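Below: one structure, written as structure tokens.
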Amino acid sequence: MSSQPTPDQPAYIQDAYQRELSTRIILVNDKTVVLENTIFYPTGGGQPGDSGWLTSSNGEKYEIINTRRCRETNQIIHELAKEAPELKADDQVSLVIDWDRRYSHMRFHTCMHLLCSLIPAGVTGGALTDQKARLDFSLGEIPLPDEQGLTDQLNELIRKDMPVTVEVLDENILDEQPELVRTMSVQPPRGTGQLRMIRVQDTDFQPCGGTHVARTSEIGHVRISKVENKGKNNKRIQIVFE
Ligand SMILES: [Zn+2]
């Protein structure tokens, strides 16, 4: 059984391409703000939190320098560049995301799914910025891949212009198919009953809470810039845009 994401999820989960949103303040505390809804992705899964701008109803503009989830409350925290004593709960505000930065994250993130599909090994780590991305694999006896060969394979997948879609499954599927999870030490969060799966047509299918482009051609041309041996269970592959 699969379905579309449910409407109570934050806007960034429902539509990764939404760049602006009007919403309401729930809580302000020093330099942090919690909002009723948000287009800002909170740091997680190797993808940085979003940055951008918040504008109050009287036109005051505040820079949002980072977004993260509060460990205790699970609320999404927007970190402001400066204190904002003028802001208060219930105020209407509008949000604008730093789209160039976020779109780079989406392109790299989707490219990491393609890289996953090319390396038949568990993932031991990963991180991205708007400049580069890396994935670490437990290759075991598999030889280190050749940079040029892997670059060619990745660009071939990108050029295929495959759709990237979201499916929501019952989280209990992980009991029957634990192999769906490619990360060796990190398991997707459970407890909501639902599992968000990302499908790159005919190529990759795994749980993921990040933001992705809609079609692989949007990633553009990439290059494997480094393949490093960081230890027995840690072969690091770095990707940059060309
Ligand atoms: Zn993903």
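Chain labels A, B, ... are given in the sequence in which chains occur in the structure tokens; within each chain residues are numbered consecutively from 1, and ligands are likewise numbered from 1 in the order shown.
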
I want to know what sits within 7 Å of Ser217 (chain A), based on only C-alpha atoms, with residues of the same chain fewer than 4 positions away left out; could you give that as a list of chain:residue names?
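Skipping anything fewer than 4 positions along the chain leaves A:Ile158, A:Arg159, A:Lys160, A:Asp161.
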
With only C-alpha atoms counted and 6 Å as the cut-off, give the residues of region 67-128 of chain A in contact with region 26-38 of chain A, each with its shortest interatomic distance in Å and the pair that gives it, as a tab-separated table.
residue	atom	partner	partner_atom	distance
A:Ile77	CA	A:Val34	CA	5.3
A:His78	CA	A:Val33	CA	5.1
A:Glu79	CA	A:Thr32	CA	4.6
A:Leu80	CA	A:Lys31	CA	5.1
A:Lys82	CA	A:Lys31	CA	5.9
A:Glu83	CA	A:Lys31	CA	4.6
A:Ala89	CA	A:Ile26	CA	5.0

Could the residues in this selection be written to a file with N, CA and C atoms, as a PDB file, in the first residue's frame?
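Generated output (selection_19.pdb):
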ATOM      1  N   ILE A  77      13.223  24.158  14.785  1.00  0.00           N
ATOM      2  CA  ILE A  77      13.733  25.423  15.315  1.00  0.00           C
ATOM      3  C   ILE A  77      14.391  26.207  14.178  1.00  0.00           C
ATOM      4  N   HIS A  78      13.952  27.439  13.984  1.00  0.00           N
ATOM      5  CA  HIS A  78      14.592  28.339  13.012  1.00  0.00           C
ATOM      6  C   HIS A  78      15.511  29.272  13.787  1.00  0.00           C
ATOM      7  N   GLU A  79      16.800  29.259  13.455  1.00  0.00           N
ATOM      8  CA  GLU A  79      17.770  30.089  14.175  1.00  0.00           C
ATOM      9  C   GLU A  79      17.964  31.410  13.437  1.00  0.00           C
ATOM     10  N   LEU A  80      17.734  32.508  14.150  1.00  0.00           N
ATOM     11  CA  LEU A  80      17.867  33.838  13.552  1.00  0.00           C
ATOM     12  C   LEU A  80      19.295  34.353  13.738  1.00  0.00           C
ATOM     13  N   LYS A  82      20.014  37.355  14.569  1.00  0.00           N
ATOM     14  CA  LYS A  82      20.030  38.269  15.722  1.00  0.00           C
ATOM     15  C   LYS A  82      18.747  38.086  16.534  1.00  0.00           C
ATOM     16  N   GLU A  83      18.754  38.587  17.757  1.00  0.00           N
ATOM     17  CA  GLU A  83      17.559  38.503  18.597  1.00  0.00           C
ATOM     18  C   GLU A  83      16.437  39.331  17.986  1.00  0.00           C
ATOM     19  N   ALA A  89       4.442  35.256  19.680  1.00  0.00           N
ATOM     20  CA  ALA A  89       3.553  34.168  19.280  1.00  0.00           C
ATOM     21  C   ALA A  89       2.305  34.735  18.620  1.00  0.00           C
TER      22      ALA A  89
END

How would you write, as a short mmCIF file (atom, residue, chain, number, x, y, z; two decimals) with all heavy atoms, in the first residue's frame, the set of residues no farther than 12 Å from ligand 1 when counting only C-alpha atoms and all ligand atoms?
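Listing of out_1.cif after writing:
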data_model
loop_
_atom_site.label_atom_id
_atom_site.label_comp_id
_atom_site.auth_asym_id
_atom_site.auth_seq_id
_atom_site.Cartn_x
_atom_site.Cartn_y
_atom_site.Cartn_z
N ILE A 13 8.22 18.78 3.28
CA ILE A 13 8.05 17.36 3.02
C ILE A 13 7.07 17.16 1.86
O ILE A 13 7.23 16.30 1.01
CB ILE A 13 7.50 16.63 4.28
CG1 ILE A 13 8.63 16.41 5.29
CG2 ILE A 13 6.83 15.32 3.95
CD1 ILE A 13 9.49 15.21 5.02
N ALA A 16 9.11 19.91 -2.08
CA ALA A 16 10.49 20.39 -1.89
C ALA A 16 10.77 21.65 -2.70
O ALA A 16 11.75 22.33 -2.47
CB ALA A 16 11.48 19.29 -2.28
N GLY A 44 19.55 17.08 9.01
CA GLY A 44 19.31 15.66 9.27
C GLY A 44 19.68 14.82 8.08
O GLY A 44 19.63 15.28 6.93
N GLY A 45 20.08 13.58 8.36
CA GLY A 45 20.40 12.65 7.28
C GLY A 45 21.55 13.12 6.42
O GLY A 45 21.61 12.80 5.23
N GLY A 46 22.47 13.91 7.00
CA GLY A 46 23.61 14.40 6.24
C GLY A 46 23.33 15.65 5.43
O GLY A 46 24.22 16.19 4.79
N GLN A 47 22.07 16.09 5.43
CA GLN A 47 21.70 17.31 4.68
C GLN A 47 21.60 18.49 5.64
O GLN A 47 20.92 18.41 6.66
CB GLN A 47 20.36 17.09 3.95
CG GLN A 47 19.94 18.31 3.12
CD GLN A 47 18.67 18.07 2.30
OE1 GLN A 47 18.35 16.95 1.93
NE2 GLN A 47 17.94 19.14 2.02
N HIS A 105 21.51 21.45 -2.46
CA HIS A 105 21.34 20.32 -1.54
C HIS A 105 20.46 19.23 -2.18
O HIS A 105 20.75 18.03 -2.08
CB HIS A 105 20.68 20.77 -0.23
CG HIS A 105 21.52 21.72 0.59
ND1 HIS A 105 21.00 22.42 1.65
CD2 HIS A 105 22.82 22.07 0.48
CE1 HIS A 105 21.97 23.18 2.18
NE2 HIS A 105 23.07 22.98 1.48
N MET A 106 19.37 19.66 -2.82
CA MET A 106 18.45 18.68 -3.44
C MET A 106 19.14 17.91 -4.56
O MET A 106 18.95 16.70 -4.72
CB MET A 106 17.21 19.41 -4.00
CG MET A 106 16.26 19.88 -2.90
SD MET A 106 15.09 21.18 -3.41
CE MET A 106 14.19 20.40 -4.73
N ARG A 107 19.95 18.63 -5.35
CA ARG A 107 20.65 17.98 -6.47
C ARG A 107 21.69 16.99 -5.95
O ARG A 107 21.76 15.85 -6.41
CB ARG A 107 21.30 19.04 -7.35
CG ARG A 107 20.27 19.88 -8.12
CD ARG A 107 20.88 21.16 -8.67
NE ARG A 107 21.96 20.89 -9.61
CZ ARG A 107 23.02 21.70 -9.79
NH1 ARG A 107 23.14 22.82 -9.10
NH2 ARG A 107 23.95 21.38 -10.65
N PHE A 108 22.49 17.43 -4.96
CA PHE A 108 23.49 16.51 -4.41
C PHE A 108 22.82 15.32 -3.72
O PHE A 108 23.26 14.18 -3.84
CB PHE A 108 24.37 17.24 -3.38
CG PHE A 108 25.60 17.86 -3.98
CD1 PHE A 108 25.97 19.15 -3.65
CD2 PHE A 108 26.41 17.14 -4.85
CE1 PHE A 108 27.12 19.73 -4.18
CE2 PHE A 108 27.56 17.70 -5.38
CZ PHE A 108 27.92 19.00 -5.04
N HIS A 109 21.77 15.63 -2.96
CA HIS A 109 21.10 14.56 -2.21
C HIS A 109 20.58 13.47 -3.16
O HIS A 109 20.77 12.28 -2.93
CB HIS A 109 19.96 15.16 -1.37
CG HIS A 109 19.40 14.19 -0.40
ND1 HIS A 109 19.25 14.44 0.93
CD2 HIS A 109 18.98 12.91 -0.57
CE1 HIS A 109 18.76 13.38 1.53
NE2 HIS A 109 18.58 12.44 0.62
N THR A 110 19.95 13.90 -4.23
CA THR A 110 19.42 12.94 -5.20
C THR A 110 20.57 12.18 -5.86
O THR A 110 20.47 10.97 -6.10
CB THR A 110 18.56 13.66 -6.25
OG1 THR A 110 17.62 14.51 -5.57
CG2 THR A 110 17.82 12.67 -7.13
N CYS A 111 21.66 12.87 -6.10
CA CYS A 111 22.83 12.22 -6.71
C CYS A 111 23.39 11.14 -5.77
O CYS A 111 23.89 10.11 -6.23
CB CYS A 111 23.89 13.27 -7.00
SG CYS A 111 25.23 12.64 -8.00
N MET A 112 23.28 11.36 -4.46
CA MET A 112 23.76 10.35 -3.52
C MET A 112 22.93 9.06 -3.63
O MET A 112 23.45 7.97 -3.45
CB MET A 112 23.73 10.91 -2.09
CG MET A 112 24.87 11.90 -1.86
SD MET A 112 24.61 13.01 -0.47
CE MET A 112 25.25 12.05 0.89
N HIS A 113 21.63 9.20 -3.93
CA HIS A 113 20.82 8.00 -4.16
C HIS A 113 21.33 7.24 -5.39
O HIS A 113 21.39 6.01 -5.40
CB HIS A 113 19.35 8.37 -4.36
CG HIS A 113 18.63 8.72 -3.09
ND1 HIS A 113 17.75 7.87 -2.48
CD2 HIS A 113 18.68 9.83 -2.33
CE1 HIS A 113 17.27 8.45 -1.38
NE2 HIS A 113 17.82 9.65 -1.26
N LEU A 114 21.71 7.97 -6.43
CA LEU A 114 22.23 7.33 -7.64
C LEU A 114 23.55 6.62 -7.33
O LEU A 114 23.79 5.49 -7.77
CB LEU A 114 22.44 8.36 -8.76
CG LEU A 114 21.19 9.11 -9.24
CD1 LEU A 114 21.55 10.03 -10.39
CD2 LEU A 114 20.09 8.13 -9.66
N LEU A 115 24.40 7.30 -6.55
CA LEU A 115 25.69 6.69 -6.19
C LEU A 115 25.46 5.41 -5.40
O LEU A 115 26.13 4.39 -5.63
CB LEU A 115 26.51 7.69 -5.37
CG LEU A 115 27.89 7.23 -4.93
CD1 LEU A 115 28.77 6.90 -6.13
CD2 LEU A 115 28.57 8.29 -4.06
N CYS A 116 24.51 5.44 -4.49
CA CYS A 116 24.14 4.26 -3.70
C CYS A 116 23.80 3.07 -4.61
O CYS A 116 24.17 1.93 -4.33
CB CYS A 116 22.90 4.58 -2.88
SG CYS A 116 23.14 4.60 -1.14
N GLY A 126 27.61 9.84 5.53
CA GLY A 126 27.39 10.70 4.38
C GLY A 126 27.09 12.11 4.82
O GLY A 126 26.59 12.32 5.92
N ALA A 127 27.44 13.07 3.99
CA ALA A 127 27.16 14.47 4.29
C ALA A 127 27.24 15.26 3.00
O ALA A 127 27.90 14.84 2.05
CB ALA A 127 28.17 15.01 5.29
N LEU A 128 26.55 16.40 2.98
CA LEU A 128 26.63 17.25 1.81
C LEU A 128 26.58 18.71 2.22
O LEU A 128 26.11 19.05 3.31
CB LEU A 128 25.51 16.92 0.82
CG LEU A 128 24.05 17.09 1.26
CD1 LEU A 128 23.55 18.50 0.97
CD2 LEU A 128 23.17 16.08 0.52
N VAL A 164 11.87 11.01 -9.80
CA VAL A 164 12.14 10.71 -8.39
C VAL A 164 10.83 10.94 -7.65
O VAL A 164 10.31 12.04 -7.66
CB VAL A 164 13.25 11.64 -7.84
CG1 VAL A 164 13.56 11.31 -6.39
CG2 VAL A 164 14.50 11.57 -8.72
N THR A 165 10.30 9.89 -7.04
CA THR A 165 8.97 10.00 -6.43
C THR A 165 8.98 9.55 -4.98
O THR A 165 9.86 8.82 -4.55
CB THR A 165 7.94 9.16 -7.22
OG1 THR A 165 8.48 7.85 -7.41
CG2 THR A 165 7.66 9.78 -8.58
N VAL A 166 7.96 9.99 -4.25
CA VAL A 166 7.82 9.65 -2.84
C VAL A 166 6.71 8.61 -2.69
O VAL A 166 5.66 8.73 -3.32
CB VAL A 166 7.42 10.91 -2.02
CG1 VAL A 166 7.24 10.55 -0.54
CG2 VAL A 166 8.46 12.00 -2.19
N VAL A 181 16.89 -0.61 3.97
CA VAL A 181 17.73 0.43 4.59
C VAL A 181 19.17 0.22 4.18
O VAL A 181 19.74 -0.84 4.42
CB VAL A 181 17.60 0.40 6.13
CG1 VAL A 181 18.47 1.48 6.75
CG2 VAL A 181 16.15 0.58 6.55
N ARG A 182 19.76 1.23 3.54
CA ARG A 182 21.14 1.10 3.07
C ARG A 182 22.17 1.58 4.09
O ARG A 182 23.33 1.24 4.04
CB ARG A 182 21.31 1.89 1.76
CG ARG A 182 20.57 1.29 0.57
CD ARG A 182 21.19 -0.03 0.11
NE ARG A 182 22.59 0.08 -0.20
CZ ARG A 182 23.10 0.50 -1.36
NH1 ARG A 182 22.30 0.84 -2.34
NH2 ARG A 182 24.40 0.56 -1.56
N THR A 183 21.71 2.42 5.02
CA THR A 183 22.64 2.93 6.03
C THR A 183 22.83 1.87 7.12
O THR A 183 21.86 1.32 7.62
CB THR A 183 22.10 4.23 6.66
OG1 THR A 183 20.72 4.03 7.00
CG2 THR A 183 22.20 5.39 5.69
N PRO A 188 15.80 4.48 9.94
CA PRO A 188 14.80 5.54 9.87
C PRO A 188 13.97 5.59 11.15
O PRO A 188 13.79 4.55 11.79
CB PRO A 188 13.94 5.15 8.66
CG PRO A 188 14.30 3.75 8.33
CD PRO A 188 15.61 3.43 8.94
N ARG A 196 8.61 6.92 4.94
CA ARG A 196 8.72 7.68 3.69
C ARG A 196 9.83 7.07 2.84
O ARG A 196 10.97 7.01 3.25
CB ARG A 196 9.04 9.14 4.00
CG ARG A 196 9.10 10.04 2.79
CD ARG A 196 9.41 11.45 3.26
NE ARG A 196 9.18 12.45 2.24
CZ ARG A 196 10.14 13.16 1.67
NH1 ARG A 196 11.40 12.98 2.01
NH2 ARG A 196 9.86 14.07 0.76
N MET A 197 9.43 6.62 1.65
CA MET A 197 10.37 5.96 0.75
C MET A 197 10.60 6.86 -0.47
O MET A 197 9.67 7.48 -0.98
CB MET A 197 9.81 4.63 0.26
CG MET A 197 9.52 3.60 1.34
SD MET A 197 11.01 2.90 2.10
CE MET A 197 11.79 2.08 0.70
N ILE A 198 11.84 6.90 -0.93
CA ILE A 198 12.16 7.65 -2.15
C ILE A 198 12.51 6.64 -3.24
O ILE A 198 13.35 5.76 -3.05
CB ILE A 198 13.36 8.60 -1.91
CG1 ILE A 198 13.03 9.61 -0.83
CG2 ILE A 198 13.76 9.30 -3.22
CD1 ILE A 198 11.86 10.52 -1.11
N ARG A 199 11.82 6.79 -4.38
CA ARG A 199 12.08 5.90 -5.51
C ARG A 199 12.68 6.68 -6.67
O ARG A 199 12.10 7.67 -7.12
CB ARG A 199 10.78 5.23 -5.99
CG ARG A 199 11.02 4.20 -7.09
CD ARG A 199 9.72 3.62 -7.63
NE ARG A 199 8.98 2.81 -6.66
CZ ARG A 199 9.27 1.54 -6.36
NH1 ARG A 199 10.29 0.94 -6.94
NH2 ARG A 199 8.55 0.87 -5.47
N VAL A 200 13.87 6.27 -7.10
CA VAL A 200 14.40 6.76 -8.37
C VAL A 200 14.11 5.63 -9.35
O VAL A 200 14.61 4.52 -9.18
CB VAL A 200 15.92 7.03 -8.30
CG1 VAL A 200 16.40 7.62 -9.63
CG2 VAL A 200 16.26 7.96 -7.15
N ASP A 204 16.84 3.14 -7.60
CA ASP A 204 17.06 3.15 -6.15
C ASP A 204 15.72 3.29 -5.43
O ASP A 204 14.82 3.98 -5.92
CB ASP A 204 17.99 4.31 -5.77
CG ASP A 204 18.41 4.26 -4.30
OD1 ASP A 204 19.07 3.28 -3.91
OD2 ASP A 204 18.07 5.20 -3.55
N PHE A 205 15.60 2.62 -4.29
CA PHE A 205 14.37 2.68 -3.50
C PHE A 205 14.77 2.50 -2.05
O PHE A 205 15.21 1.42 -1.66
CB PHE A 205 13.43 1.55 -3.96
CG PHE A 205 12.07 1.57 -3.32
CD1 PHE A 205 11.26 2.69 -3.38
CD2 PHE A 205 11.58 0.44 -2.66
CE1 PHE A 205 9.99 2.69 -2.81
CE2 PHE A 205 10.31 0.43 -2.09
CZ PHE A 205 9.51 1.57 -2.17
N GLN A 206 14.70 3.57 -1.27
CA GLN A 206 15.10 3.47 0.13
C GLN A 206 14.42 4.53 0.99
O GLN A 206 13.97 5.55 0.48
CB GLN A 206 16.62 3.55 0.26
CG GLN A 206 17.24 4.84 -0.22
CD GLN A 206 18.75 4.89 0.06
OE1 GLN A 206 19.18 4.85 1.21
NE2 GLN A 206 19.54 4.93 -0.99
N PRO A 207 14.32 4.27 2.31
CA PRO A 207 13.70 5.26 3.19
C PRO A 207 14.55 6.53 3.22
O PRO A 207 15.78 6.44 3.27
CB PRO A 207 13.71 4.60 4.57
CG PRO A 207 14.12 3.19 4.37
CD PRO A 207 14.83 3.11 3.06
N CYS A 208 13.91 7.69 3.19
CA CYS A 208 14.66 8.94 3.25
C CYS A 208 13.73 10.09 3.61
O CYS A 208 12.63 10.18 3.11
CB CYS A 208 15.35 9.23 1.92
SG CYS A 208 16.46 10.65 2.04
N GLY A 209 14.21 10.97 4.47
CA GLY A 209 13.42 12.13 4.88
C GLY A 209 13.94 13.43 4.29
O GLY A 209 13.54 14.50 4.72
N GLY A 210 14.84 13.34 3.33
CA GLY A 210 15.46 14.55 2.77
C GLY A 210 14.64 15.18 1.66
O GLY A 210 13.50 14.79 1.40
N THR A 211 15.24 16.16 1.00
CA THR A 211 14.59 16.83 -0.12
C THR A 211 15.32 16.45 -1.42
O THR A 211 16.54 16.39 -1.44
CB THR A 211 14.59 18.37 0.04
OG1 THR A 211 15.94 18.82 0.16
CG2 THR A 211 13.82 18.80 1.27
N HIS A 212 14.56 16.18 -2.46
CA HIS A 212 15.10 15.65 -3.72
C HIS A 212 14.58 16.44 -4.90
O HIS A 212 13.52 17.04 -4.82
CB HIS A 212 14.70 14.18 -3.87
CG HIS A 212 15.00 13.34 -2.68
ND1 HIS A 212 14.16 13.30 -1.58
CD2 HIS A 212 16.06 12.56 -2.38
CE1 HIS A 212 14.69 12.50 -0.66
NE2 HIS A 212 15.84 12.05 -1.11
N VAL A 213 15.30 16.37 -6.01
CA VAL A 213 14.77 16.94 -7.25
C VAL A 213 13.75 15.97 -7.84
O VAL A 213 13.70 14.80 -7.47
CB VAL A 213 15.89 17.23 -8.28
CG1 VAL A 213 16.78 18.35 -7.79
CG2 VAL A 213 16.71 15.98 -8.59
N ALA A 214 12.92 16.47 -8.76
CA ALA A 214 11.83 15.67 -9.31
C ALA A 214 12.30 14.71 -10.41
O ALA A 214 11.71 13.66 -10.63
CB ALA A 214 10.74 16.58 -9.85
#

Please run DSSP on the backbone and report, as a ChimeraX atom specification, all residues within region 51-199 of chain A that come out as helix (DSSP H, G or I).
/A:99-118,147-159,173-176,178-180

Selected residues written out, C-alpha atoms, as a tab-separated table (two decimals), in the first residue's frame:
chain	number	residue	atom	x	y	z
A	99	TRP	CA	16.77	28.67	-2.88
A	100	ASP	CA	20.16	28.45	-4.62
A	101	ARG	CA	21.64	26.78	-1.56
A	102	ARG	CA	18.67	24.45	-1.00
A	103	TYR	CA	18.46	23.47	-4.68
A	104	SER	CA	22.14	22.47	-4.58
A	105	HIS	CA	21.34	20.32	-1.54
A	106	MET	CA	18.45	18.68	-3.44
A	107	ARG	CA	20.65	17.98	-6.47
A	108	PHE	CA	23.49	16.51	-4.41
A	109	HIS	CA	21.10	14.56	-2.21
A	110	THR	CA	19.42	12.94	-5.20
A	111	CYS	CA	22.83	12.22	-6.71
A	112	MET	CA	23.76	10.35	-3.52
A	113	HIS	CA	20.82	8.00	-4.16
A	114	LEU	CA	22.23	7.33	-7.64
A	115	LEU	CA	25.69	6.69	-6.19
A	116	CYS	CA	24.14	4.26	-3.70
A	117	SER	CA	22.65	2.30	-6.59
A	118	LEU	CA	26.08	1.90	-8.20
A	147	GLU	CA	36.99	7.78	-10.30
A	148	GLN	CA	36.50	8.23	-14.03
A	149	GLY	CA	34.47	5.04	-14.43
A	150	LEU	CA	32.16	5.99	-11.58
A	151	THR	CA	31.83	9.55	-12.90
A	152	ASP	CA	30.72	8.19	-16.28
A	153	GLN	CA	28.22	5.80	-14.70
A	154	LEU	CA	26.71	8.55	-12.54
A	155	ASN	CA	26.35	10.98	-15.42
A	156	GLU	CA	24.72	8.27	-17.51
A	157	LEU	CA	22.08	7.75	-14.80
A	158	ILE	CA	21.57	11.53	-14.50
A	159	ARG	CA	21.07	11.88	-18.26
A	173	ILE	CA	7.77	-3.38	6.09
A	174	LEU	CA	11.25	-2.92	7.61
A	175	ASP	CA	10.70	-6.06	9.71
A	176	GLU	CA	10.15	-8.08	6.53
A	178	PRO	CA	15.39	-4.76	6.44
A	179	GLU	CA	17.55	-4.65	3.28
A	180	LEU	CA	15.58	-1.57	2.17

Which residue of A:Ile64, A:Ala84, A:Val96, A:Ile239 approaches Gln18 (chain A) most closely, using only C-alpha atoms:
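Answer, going by the shortest atom-to-atom distance: A:Val96.
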
At what distance in Å, to one decimal, does CA of Met184 (chain A) lie from CA of Lys230 (chain A)?
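Separating CA of Lys230 (chain A) from CA of Met184 (chain A) is a distance of 16.3 Å.
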
Which of region 81-240 of chain A fall in strand (DSSP E or B), as a PyMOL selection string
chain A and resi 92-97+122-128+132-138+163-170+183+194-200+204-207+215+222-229+235-240

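Nearest residue to Lys88 (chain A), choosing from A:Asp146, A:Gln75, A:Pro48, A:Ile25 and counting only C-alpha atoms: A:Ile25.
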
Would you pick out the contacts of Trp53 (chain A) at 9 Å or less, using only C-alpha atoms, so that residues sharing its chain but fewer than 4 positions from it are not included, and give the list as a tab-separated table (two decimals) with all heavy atoms, in the first residue's frame?
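Saved result, selection.tsv, follows:
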chain	number	residue	atom	x	y	z
A	61	LYS	N	12.57	42.46	8.36
A	61	LYS	CA	13.14	41.24	7.76
A	61	LYS	C	14.24	40.66	8.65
A	61	LYS	O	15.11	41.40	9.12
A	61	LYS	CB	13.73	41.60	6.39
A	61	LYS	CG	13.95	40.42	5.48
A	61	LYS	CD	14.30	40.91	4.07
A	61	LYS	CE	14.63	39.76	3.14
A	61	LYS	NZ	14.97	40.25	1.80
A	62	TYR	N	14.18	39.36	8.88
A	62	TYR	CA	15.16	38.67	9.73
A	62	TYR	C	15.81	37.55	8.93
A	62	TYR	O	15.12	36.79	8.24
A	62	TYR	CB	14.49	38.06	10.97
A	62	TYR	CG	13.79	39.09	11.82
A	62	TYR	CD1	12.46	39.42	11.56
A	62	TYR	CD2	14.45	39.73	12.85
A	62	TYR	CE1	11.80	40.37	12.32
A	62	TYR	CE2	13.81	40.69	13.62
A	62	TYR	CZ	12.48	41.01	13.35
A	62	TYR	OH	11.85	41.95	14.09
A	63	GLU	N	17.12	37.43	9.10
A	63	GLU	CA	17.82	36.34	8.42
A	63	GLU	C	17.73	35.06	9.26
A	63	GLU	O	17.98	35.08	10.47
A	63	GLU	CB	19.29	36.71	8.21
A	63	GLU	CG	20.01	35.69	7.34
A	63	GLU	CD	21.50	35.98	7.19
A	63	GLU	OE1	21.97	36.99	7.75
A	63	GLU	OE2	22.16	35.17	6.52
A	64	ILE	N	17.37	33.96	8.61
A	64	ILE	CA	17.39	32.64	9.26
A	64	ILE	C	18.70	31.97	8.84
A	64	ILE	O	18.93	31.78	7.64
A	64	ILE	CB	16.18	31.78	8.84
A	64	ILE	CG1	14.88	32.44	9.35
A	64	ILE	CG2	16.30	30.35	9.39
A	64	ILE	CD1	13.61	31.76	8.84
A	65	ILE	N	19.55	31.67	9.82
A	65	ILE	CA	20.88	31.16	9.46
A	65	ILE	C	20.96	29.64	9.50
A	65	ILE	O	21.87	29.05	8.92
A	65	ILE	CB	21.99	31.77	10.36
A	65	ILE	CG1	21.66	31.56	11.84
A	65	ILE	CG2	22.19	33.25	10.05
A	65	ILE	CD1	22.81	31.92	12.77
A	80	LEU	N	17.73	32.51	14.15
A	80	LEU	CA	17.87	33.84	13.55
A	80	LEU	C	19.29	34.35	13.74
A	80	LEU	O	19.99	33.96	14.67
A	80	LEU	CB	16.89	34.82	14.21
A	80	LEU	CG	15.40	34.44	14.15
A	80	LEU	CD1	14.58	35.48	14.91
A	80	LEU	CD2	14.91	34.32	12.71
A	94	SER	N	6.07	35.84	6.84
A	94	SER	CA	6.28	35.15	5.57
A	94	SER	C	7.73	34.68	5.49
A	94	SER	O	8.64	35.34	6.01
A	94	SER	CB	5.91	36.04	4.40
A	94	SER	OG	6.62	37.25	4.47
A	95	LEU	N	7.91	33.55	4.88
A	95	LEU	CA	9.23	32.92	4.79
A	95	LEU	C	9.67	32.87	3.34
A	95	LEU	O	8.86	32.63	2.45
A	95	LEU	CB	9.16	31.47	5.29
A	95	LEU	CG	8.65	31.21	6.71
A	95	LEU	CD1	8.58	29.71	6.96
A	95	LEU	CD2	9.57	31.88	7.72
A	96	VAL	N	10.96	33.08	3.14
A	96	VAL	CA	11.57	32.86	1.82
A	96	VAL	C	12.84	32.05	2.05
A	96	VAL	O	13.65	32.39	2.92
A	96	VAL	CB	11.92	34.20	1.11
A	96	VAL	CG1	12.59	33.92	-0.22
A	96	VAL	CG2	10.68	35.05	0.92
A	97	ILE	N	12.99	31.01	1.30
A	97	ILE	CA	14.13	30.13	1.47
A	97	ILE	C	15.31	30.62	0.63
A	97	ILE	O	15.10	31.25	-0.42
A	97	ILE	CB	13.68	28.71	1.04
A	97	ILE	CG1	14.47	27.65	1.74
A	97	ILE	CG2	13.70	28.51	-0.42
A	97	ILE	CD1	13.78	26.32	1.65
A	98	ASP	N	16.53	30.36	1.07
A	98	ASP	CA	17.71	30.59	0.22
A	98	ASP	C	17.72	29.46	-0.80
A	98	ASP	O	18.25	28.37	-0.56
A	98	ASP	CB	18.99	30.59	1.07
A	98	ASP	CG	20.24	30.82	0.22
A	98	ASP	OD1	20.18	30.66	-1.02
A	98	ASP	OD2	21.29	31.16	0.81

Contacts of Lys232 (chain A) at 10 Å or less, counting only C-alpha atoms, minus same-chain residues fewer than 6 places along, as a PDB file with N, CA and C atoms, in the first residue's frame?
ATOM      1  N   PHE A 137      31.259   4.052   2.356  1.00  0.00           N
ATOM      2  CA  PHE A 137      30.751   2.697   2.181  1.00  0.00           C
ATOM      3  C   PHE A 137      31.633   1.692   2.912  1.00  0.00           C
ATOM      4  N   SER A 138      30.992   0.617   3.358  1.00  0.00           N
ATOM      5  CA  SER A 138      31.742  -0.509   3.888  1.00  0.00           C
ATOM      6  C   SER A 138      31.967  -1.485   2.733  1.00  0.00           C
ATOM      7  N   LEU A 139      33.066  -1.313   2.027  1.00  0.00           N
ATOM      8  CA  LEU A 139      33.267  -2.072   0.787  1.00  0.00           C
ATOM      9  C   LEU A 139      33.743  -3.501   1.019  1.00  0.00           C
ATOM     10  N   GLY A 140      34.320  -3.777   2.207  1.00  0.00           N
ATOM     11  CA  GLY A 140      34.834  -5.125   2.463  1.00  0.00           C
ATOM     12  C   GLY A 140      35.879  -5.508   1.434  1.00  0.00           C
ATOM     13  N   GLU A 141      35.630  -6.584   0.701  1.00  0.00           N
ATOM     14  CA  GLU A 141      36.598  -7.078  -0.289  1.00  0.00           C
ATOM     15  C   GLU A 141      36.427  -6.433  -1.668  1.00  0.00           C
TER      16      GLU A 141
END

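Candidate residues A:Leu195, A:Ala11, A:Ile76, A:Ile237 were compared for distance to Thr124 (chain A), and the nearest is A:Ile237, using only C-alpha atoms.
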